Amino acid sequence: MSDPRVKANILAAGAVLWRRTPAGAVEVALVHRPKYDDWSLPKGKLDPGETPMVTAVREVAEETGLHSRLGRYLGHVTYPVTGHRKLKRVDYWAASVAEGEFVPNSEVDQLRWQRVDRVMDQLSYPMDRTMVRNFLRLPPDTATLVLVRHAKAGRRERFRGPDDERPLEKAGRDQAAALTPNLLAFGAAEVYSAPPLRCVQTVEPLARSLGVEIGLEPLLSESGYAAAPDDTLARVRELVSAPVVRAICSQGKVIPPLLRRWAEIDGVTLPPARNRKGSMWVLSIADGRLVAADHLDKALRAHGHKHEAAPGAKSSTNGAR
């Protein structure tokens, strides 16, 4: 048993990388590392300046040659590092294959696709089997919608113009820039925003990166939501698309009540969340129903060194599981 006084100071991230066969069966990718002669899920340490989400996508690409997009957060494992008074924490996400082809490399010499009914016997470590079980608790084919609270824009009382024209402050612009690679890790391809300038500016770096226009959604402003909360929820549901991941930026008096209502309708218990500026929710929807909601706040803060304190990601799933 690990010493509870020893904090996780080696951070890593990985994924349950999956695909469907032409016949419709779900397969999971396992990698063989000759250094350890084991079969495991792809994973690796955070590089300086990375978040766990960016690391997970990068490590999957480096170890398998496959580009992927993240979906549900599956949890984390923590274990002692042999020969050191250190703990390693690994955060995992479900990840679907986008494109690419496996090429043996210095760390991984084989990639094996295993059907989910056979994968447990092939994995070398119980912790990996736990992540696969978490993956199998819900359908893999979930649509992803990312809901972002706008970044920091200073105090309302200090801005002399109309509140909808209040821009991001420097800290907020930094948050907006930092959000972009994390949103891309989840495959964000279309961008929407409530009309206030601070909301639009939060997702402008993402839109520029993608080369797309930002669609304005008046119902997702605080005034729009207050006037028609049911219509706002209906509109957000309309924006769910299985093949396309959409990122939506909204406001602090919209996101918590909207998500509470949606979760209540579909039977999901939301994790505790402060919904701070610049944080985001990754929502997973199956057959039109919300089945999982992951809140990312501290995990969005890039780590300058591999041995900083472990990041936080909070997750909940549909009670039906």
# chains A, B, ... in the order shown; residues from 1 in each chain; ligands from 1
call {"tool": "select_by_dssp", "arguments": {"residues": "stretch 16-251 of chain A", "states": "alpha helix (DSSP H)", "output": "count of residues only"}}
result
74
call {"tool": "select_by_dssp", "arguments": {"residues": "stretch 81-137 of chain A", "states": "strand (DSSP E or B)", "output": "tab-separated table (two decimals) with N, CA, C and O atoms, in the first residue's frame"}}
result
chain	number	residue	atom	x	y	z
A	87	LEU	N	4.80	8.70	-6.34
A	87	LEU	CA	3.58	8.12	-6.89
A	87	LEU	C	3.35	8.68	-8.28
A	87	LEU	O	3.62	9.86	-8.54
A	88	LYS	N	2.86	7.84	-9.14
A	88	LYS	CA	2.53	8.25	-10.51
A	88	LYS	C	1.02	8.25	-10.67
A	88	LYS	O	0.34	7.32	-10.27
A	89	ARG	N	0.50	9.33	-11.22
A	89	ARG	CA	-0.93	9.43	-11.51
A	89	ARG	C	-1.12	9.45	-13.03
A	89	ARG	O	-0.45	10.20	-13.74
A	90	VAL	N	-2.05	8.61	-13.50
A	90	VAL	CA	-2.36	8.55	-14.92
A	90	VAL	C	-3.86	8.80	-15.10
A	90	VAL	O	-4.68	8.07	-14.56
A	91	ASP	N	-4.21	9.86	-15.84
A	91	ASP	CA	-5.60	10.15	-16.18
A	91	ASP	C	-5.92	9.55	-17.54
A	91	ASP	O	-5.09	9.62	-18.47
A	92	TYR	N	-7.13	8.99	-17.66
A	92	TYR	CA	-7.51	8.30	-18.89
A	92	TYR	C	-8.81	8.86	-19.47
A	92	TYR	O	-9.74	9.21	-18.73
A	93	TRP	N	-8.85	8.88	-20.79
A	93	TRP	CA	-10.07	9.24	-21.52
A	93	TRP	C	-10.38	8.14	-22.54
A	93	TRP	O	-9.48	7.42	-22.98
A	94	ALA	N	-11.64	8.03	-22.89
A	94	ALA	CA	-11.99	7.26	-24.09
A	94	ALA	C	-11.53	8.08	-25.29
A	94	ALA	O	-11.61	9.31	-25.28
A	95	ALA	N	-11.05	7.40	-26.33
A	95	ALA	CA	-10.58	8.11	-27.52
A	95	ALA	C	-10.92	7.30	-28.76
A	95	ALA	O	-10.60	6.11	-28.83
A	96	SER	N	-11.56	7.95	-29.70
A	96	SER	CA	-11.91	7.29	-30.95
A	96	SER	C	-10.84	7.59	-32.00
A	96	SER	O	-10.24	8.67	-32.01
A	97	VAL	N	-10.62	6.63	-32.89
A	97	VAL	CA	-9.60	6.78	-33.93
A	97	VAL	C	-10.12	7.72	-35.02
A	97	VAL	O	-11.24	7.56	-35.51
A	98	ALA	N	-9.28	8.68	-35.39
A	98	ALA	CA	-9.62	9.58	-36.50
A	98	ALA	C	-8.94	9.14	-37.79
A	98	ALA	O	-9.58	8.98	-38.82
A	99	GLU	N	-7.63	8.94	-37.72
A	99	GLU	CA	-6.88	8.53	-38.91
A	99	GLU	C	-5.49	8.09	-38.49
A	99	GLU	O	-5.09	8.24	-37.34
A	100	GLY	N	-4.74	7.55	-39.44
A	100	GLY	CA	-3.37	7.16	-39.17
A	100	GLY	C	-3.12	5.68	-39.36
A	100	GLY	O	-4.04	4.90	-39.66
A	110	GLN	N	4.63	-3.40	-31.19
A	110	GLN	CA	3.43	-4.05	-31.72
A	110	GLN	C	2.18	-3.31	-31.24
A	110	GLN	O	2.14	-2.81	-30.11
A	111	LEU	N	1.18	-3.26	-32.10
A	111	LEU	CA	-0.15	-2.78	-31.72
A	111	LEU	C	-1.13	-3.89	-32.04
A	111	LEU	O	-1.09	-4.47	-33.13
A	112	ARG	N	-1.98	-4.20	-31.09
A	112	ARG	CA	-2.94	-5.27	-31.29
A	112	ARG	C	-4.35	-4.75	-30.99
A	112	ARG	O	-4.59	-4.17	-29.93
A	113	TRP	N	-5.26	-4.95	-31.94
A	113	TRP	CA	-6.66	-4.60	-31.72
A	113	TRP	C	-7.38	-5.82	-31.17
A	113	TRP	O	-7.35	-6.88	-31.78
A	114	GLN	N	-8.02	-5.65	-30.01
A	114	GLN	CA	-8.73	-6.75	-29.37
A	114	GLN	C	-10.20	-6.40	-29.19
A	114	GLN	O	-10.54	-5.29	-28.76
A	115	ARG	N	-11.05	-7.35	-29.51
A	115	ARG	CA	-12.48	-7.16	-29.22
A	115	ARG	C	-12.66	-7.04	-27.72
A	115	ARG	O	-11.92	-7.64	-26.93
call {"tool": "closest_residue", "arguments": {"among": "A:Glu169, A:Arg246, A:Pro257, A:Glu204", "to": "A:Pro229", "atoms": "only C-alpha atoms"}}
result
A:Pro257
call {"tool": "closest_atom_pairs", "arguments": {"of": "stretch 171-204 of chain A", "to": "stretch 69-79 of chain A", "cutoff": "12 Å", "atoms": "only C-alpha atoms", "output": "CSV"}}
result
residue,atom,partner,partner_atom,distance
A:Pro181,CA,A:Arg69,CA,11.7
A:Asn182,CA,A:Leu70,CA,9.8
A:Leu183,CA,A:Leu70,CA,9.6
A:Leu184,CA,A:Arg69,CA,8.0
A:Ala185,CA,A:Arg69,CA,5.7
A:Phe186,CA,A:Leu70,CA,4.6
A:Gly187,CA,A:Arg69,CA,5.2
A:Ala188,CA,A:Arg69,CA,8.9
A:Ala189,CA,A:Arg69,CA,11.1
call {"tool": "residues_around", "arguments": {"residues": "stretch 146-159 of chain A", "least_positions_apart": "4", "cutoff": "8 Å", "atoms": "only C-alpha atoms", "output": "compact mmCIF listing (two decimals) with all heavy atoms, in the first residue's frame"}}
result
# COMPACT_ATOMS: atom_id res chain seq x y z
N ASP A 163 -22.56 46.33 -20.95
CA ASP A 163 -21.92 45.13 -20.41
C ASP A 163 -21.64 44.09 -21.49
O ASP A 163 -20.65 43.36 -21.40
CB ASP A 163 -22.79 44.51 -19.31
CG ASP A 163 -22.06 43.40 -18.59
OD1 ASP A 163 -20.95 43.65 -18.06
OD2 ASP A 163 -22.58 42.26 -18.57
N ARG A 166 -18.13 44.33 -22.85
CA ARG A 166 -16.97 44.21 -21.96
C ARG A 166 -16.03 43.14 -22.50
O ARG A 166 -16.41 41.98 -22.67
CB ARG A 166 -17.45 43.87 -20.55
CG ARG A 166 -16.34 43.69 -19.53
CD ARG A 166 -16.85 43.88 -18.11
NE ARG A 166 -18.08 43.16 -17.84
CZ ARG A 166 -18.15 42.00 -17.19
NH1 ARG A 166 -17.04 41.41 -16.76
NH2 ARG A 166 -19.31 41.44 -16.97
N PRO A 167 -14.76 43.50 -22.77
CA PRO A 167 -13.82 42.54 -23.38
C PRO A 167 -13.08 41.72 -22.35
O PRO A 167 -13.12 42.00 -21.14
CB PRO A 167 -12.86 43.45 -24.14
CG PRO A 167 -12.77 44.66 -23.24
CD PRO A 167 -14.16 44.84 -22.65
N LEU A 168 -12.38 40.72 -22.81
CA LEU A 168 -11.51 39.94 -21.94
C LEU A 168 -10.34 40.80 -21.48
O LEU A 168 -9.82 41.63 -22.23
CB LEU A 168 -10.96 38.71 -22.68
CG LEU A 168 -11.94 37.65 -23.14
CD1 LEU A 168 -11.17 36.50 -23.80
CD2 LEU A 168 -12.79 37.12 -22.00
N GLU A 169 -9.92 40.57 -20.24
CA GLU A 169 -8.69 41.19 -19.76
C GLU A 169 -7.52 40.30 -20.18
O GLU A 169 -7.71 39.24 -20.80
CB GLU A 169 -8.75 41.35 -18.24
CG GLU A 169 -8.92 40.04 -17.50
CD GLU A 169 -9.09 40.26 -16.00
OE1 GLU A 169 -9.25 41.41 -15.58
OE2 GLU A 169 -9.06 39.25 -15.26
N ALA A 171 -5.54 38.32 -18.50
CA ALA A 171 -5.63 36.96 -17.96
C ALA A 171 -6.66 36.14 -18.73
O ALA A 171 -6.49 34.94 -18.95
CB ALA A 171 -5.99 37.01 -16.47
N GLY A 172 -7.74 36.79 -19.16
CA GLY A 172 -8.77 36.10 -19.92
C GLY A 172 -8.29 35.73 -21.31
O GLY A 172 -8.61 34.65 -21.83
N ARG A 173 -7.51 36.62 -21.94
CA ARG A 173 -6.97 36.29 -23.26
C ARG A 173 -6.00 35.12 -23.17
O ARG A 173 -5.95 34.26 -24.05
CB ARG A 173 -6.28 37.52 -23.87
CG ARG A 173 -7.25 38.66 -24.18
CD ARG A 173 -6.61 39.71 -25.07
NE ARG A 173 -5.47 40.38 -24.43
CZ ARG A 173 -5.55 41.44 -23.64
NH1 ARG A 173 -6.75 41.97 -23.37
NH2 ARG A 173 -4.46 41.99 -23.13
N GLN A 175 -6.27 32.74 -20.93
CA GLN A 175 -7.13 31.57 -20.76
C GLN A 175 -7.69 31.10 -22.09
O GLN A 175 -7.74 29.90 -22.38
CB GLN A 175 -8.29 31.89 -19.81
CG GLN A 175 -7.92 31.95 -18.34
CD GLN A 175 -9.15 32.24 -17.49
OE1 GLN A 175 -9.93 33.15 -17.80
NE2 GLN A 175 -9.32 31.47 -16.43
N ALA A 176 -8.12 32.04 -22.91
CA ALA A 176 -8.70 31.69 -24.22
C ALA A 176 -7.68 30.98 -25.09
O ALA A 176 -8.00 29.98 -25.77
CB ALA A 176 -9.22 32.94 -24.91
N LEU A 183 -9.55 22.10 -26.36
CA LEU A 183 -10.77 21.90 -27.13
C LEU A 183 -10.49 21.08 -28.38
O LEU A 183 -11.29 20.22 -28.78
CB LEU A 183 -11.38 23.26 -27.50
CG LEU A 183 -11.97 24.04 -26.32
CD1 LEU A 183 -12.18 25.51 -26.69
CD2 LEU A 183 -13.28 23.42 -25.86
N ALA A 188 -13.06 19.40 -31.31
CA ALA A 188 -13.92 20.53 -31.63
C ALA A 188 -13.72 20.95 -33.07
O ALA A 188 -12.59 21.16 -33.52
CB ALA A 188 -13.65 21.69 -30.69
N ARG A 198 -17.15 39.15 -24.50
CA ARG A 198 -16.23 38.31 -23.72
C ARG A 198 -16.43 36.83 -24.03
O ARG A 198 -15.47 36.05 -23.93
CB ARG A 198 -16.39 38.59 -22.22
CG ARG A 198 -17.80 38.42 -21.67
CD ARG A 198 -17.88 39.04 -20.28
NE ARG A 198 -19.21 38.97 -19.67
CZ ARG A 198 -20.18 39.85 -19.90
NH1 ARG A 198 -19.98 40.86 -20.76
NH2 ARG A 198 -21.35 39.74 -19.29
N CYS A 199 -17.64 36.44 -24.39
CA CYS A 199 -17.89 35.05 -24.80
C CYS A 199 -17.27 34.78 -26.16
O CYS A 199 -16.57 33.78 -26.37
CB CYS A 199 -19.39 34.76 -24.82
SG CYS A 199 -20.21 34.84 -23.22
N THR A 202 -13.54 34.52 -26.11
CA THR A 202 -13.03 33.30 -25.48
C THR A 202 -12.80 32.19 -26.49
O THR A 202 -11.87 31.40 -26.36
CB THR A 202 -13.99 32.83 -24.38
OG1 THR A 202 -14.06 33.85 -23.36
CG2 THR A 202 -13.53 31.53 -23.74
N VAL A 245 -18.10 17.58 -33.43
CA VAL A 245 -17.98 18.08 -32.05
C VAL A 245 -18.10 19.60 -32.09
O VAL A 245 -17.35 20.27 -32.81
CB VAL A 245 -16.65 17.66 -31.43
CG1 VAL A 245 -16.50 18.24 -30.02
CG2 VAL A 245 -16.55 16.14 -31.39
N ARG A 246 -19.02 20.12 -31.32
CA ARG A 246 -19.24 21.56 -31.28
C ARG A 246 -18.85 22.12 -29.93
O ARG A 246 -19.15 21.52 -28.90
CB ARG A 246 -20.71 21.87 -31.59
CG ARG A 246 -21.04 21.58 -33.05
CD ARG A 246 -22.50 21.67 -33.36
NE ARG A 246 -22.72 21.56 -34.81
CZ ARG A 246 -23.77 20.99 -35.37
NH1 ARG A 246 -24.72 20.47 -34.62
NH2 ARG A 246 -23.89 20.94 -36.68
N ALA A 247 -18.20 23.28 -29.95
CA ALA A 247 -17.83 23.99 -28.73
C ALA A 247 -18.73 25.21 -28.62
O ALA A 247 -18.91 25.95 -29.59
CB ALA A 247 -16.37 24.41 -28.77
N ILE A 248 -19.28 25.42 -27.43
CA ILE A 248 -20.21 26.52 -27.18
C ILE A 248 -19.71 27.32 -25.99
O ILE A 248 -19.40 26.76 -24.94
CB ILE A 248 -21.62 26.01 -26.86
CG1 ILE A 248 -22.12 25.05 -27.94
CG2 ILE A 248 -22.59 27.16 -26.69
CD1 ILE A 248 -23.42 24.35 -27.55
N CYS A 249 -19.64 28.65 -26.11
CA CYS A 249 -19.25 29.50 -25.00
C CYS A 249 -20.47 30.24 -24.47
O CYS A 249 -21.23 30.84 -25.23
CB CYS A 249 -18.18 30.50 -25.41
SG CYS A 249 -17.49 31.42 -24.02
N SER A 250 -20.64 30.20 -23.14
CA SER A 250 -21.77 30.86 -22.53
C SER A 250 -21.33 31.51 -21.22
O SER A 250 -20.14 31.71 -20.98
CB SER A 250 -22.92 29.86 -22.30
OG SER A 250 -24.08 30.51 -21.83
N GLN A 251 -22.31 31.82 -20.36
CA GLN A 251 -22.07 32.66 -19.19
C GLN A 251 -22.38 31.94 -17.88
O GLN A 251 -23.03 30.89 -17.86
CB GLN A 251 -22.91 33.94 -19.30
CG GLN A 251 -22.56 34.78 -20.51
CD GLN A 251 -23.38 36.05 -20.59
OE1 GLN A 251 -24.41 36.09 -21.26
NE2 GLN A 251 -22.93 37.10 -19.91
N GLY A 252 -21.93 32.56 -16.80
CA GLY A 252 -22.01 31.95 -15.48
C GLY A 252 -23.41 31.75 -14.94
O GLY A 252 -23.63 30.86 -14.10
N ILE A 255 -24.86 28.39 -17.56
CA ILE A 255 -24.36 27.01 -17.60
C ILE A 255 -24.82 26.16 -16.41
O ILE A 255 -25.37 25.07 -16.63
CB ILE A 255 -22.82 27.01 -17.73
CG1 ILE A 255 -22.42 27.62 -19.08
CG2 ILE A 255 -22.27 25.59 -17.61
CD1 ILE A 255 -20.93 27.82 -19.25
N ASN A 275 -17.57 25.94 -11.61
CA ASN A 275 -17.90 26.61 -12.87
C ASN A 275 -17.18 27.95 -13.02
O ASN A 275 -17.77 28.97 -13.37
CB ASN A 275 -19.41 26.81 -12.98
CG ASN A 275 -20.16 25.52 -13.25
OD1 ASN A 275 -20.10 24.98 -14.36
ND2 ASN A 275 -20.85 25.02 -12.24
N ARG A 276 -15.89 27.92 -12.74
CA ARG A 276 -15.13 29.16 -12.80
C ARG A 276 -14.92 29.61 -14.24
O ARG A 276 -15.03 28.81 -15.18
CB ARG A 276 -13.79 28.98 -12.09
CG ARG A 276 -13.95 28.83 -10.59
CD ARG A 276 -12.63 28.82 -9.87
NE ARG A 276 -11.87 27.60 -10.11
CZ ARG A 276 -10.83 27.22 -9.37
NH1 ARG A 276 -10.42 28.00 -8.37
NH2 ARG A 276 -10.19 26.11 -9.63
N LYS A 277 -14.57 30.88 -14.39
CA LYS A 277 -14.33 31.42 -15.72
C LYS A 277 -13.18 30.67 -16.38
O LYS A 277 -12.15 30.40 -15.76
CB LYS A 277 -14.01 32.92 -15.62
CG LYS A 277 -15.21 33.73 -15.16
CD LYS A 277 -14.84 35.19 -14.92
CE LYS A 277 -16.06 35.95 -14.40
NZ LYS A 277 -15.72 37.35 -14.05
N GLY A 278 -13.38 30.33 -17.64
CA GLY A 278 -12.37 29.60 -18.38
C GLY A 278 -12.39 28.10 -18.17
O GLY A 278 -11.54 27.40 -18.70
N SER A 279 -13.37 27.60 -17.41
CA SER A 279 -13.51 26.14 -17.25
C SER A 279 -14.45 25.61 -18.33
O SER A 279 -15.10 26.38 -19.04
CB SER A 279 -14.04 25.79 -15.86
OG SER A 279 -15.36 26.29 -15.68
N MET A 280 -14.53 24.28 -18.43
CA MET A 280 -15.41 23.73 -19.46
C MET A 280 -16.00 22.39 -19.04
O MET A 280 -15.45 21.69 -18.20
CB MET A 280 -14.67 23.60 -20.79
CG MET A 280 -13.61 22.52 -20.86
SD MET A 280 -12.67 22.63 -22.42
CE MET A 280 -11.99 20.98 -22.53
N TRP A 281 -17.14 22.10 -19.63
CA TRP A 281 -17.83 20.83 -19.44
C TRP A 281 -17.74 20.03 -20.75
O TRP A 281 -18.02 20.57 -21.83
CB TRP A 281 -19.30 21.05 -19.11
CG TRP A 281 -19.55 21.55 -17.72
CD1 TRP A 281 -19.57 22.85 -17.30
CD2 TRP A 281 -19.86 20.75 -16.58
NE1 TRP A 281 -19.85 22.91 -15.96
CE2 TRP A 281 -20.04 21.63 -15.48
CE3 TRP A 281 -19.99 19.38 -16.36
CZ2 TRP A 281 -20.36 21.19 -14.21
CZ3 TRP A 281 -20.31 18.92 -15.09
CH2 TRP A 281 -20.49 19.82 -14.02
N VAL A 282 -17.38 18.77 -20.63
CA VAL A 282 -17.42 17.86 -21.77
C VAL A 282 -18.62 16.95 -21.57
O VAL A 282 -18.68 16.16 -20.62
CB VAL A 282 -16.13 17.03 -21.88
CG1 VAL A 282 -16.21 16.08 -23.07
CG2 VAL A 282 -14.92 17.95 -22.01
N LEU A 283 -19.61 17.10 -22.43
CA LEU A 283 -20.87 16.38 -22.30
C LEU A 283 -20.94 15.24 -23.32
O LEU A 283 -20.61 15.43 -24.49
CB LEU A 283 -22.04 17.33 -22.53
CG LEU A 283 -22.01 18.62 -21.69
CD1 LEU A 283 -23.19 19.52 -22.07
CD2 LEU A 283 -22.04 18.31 -20.20
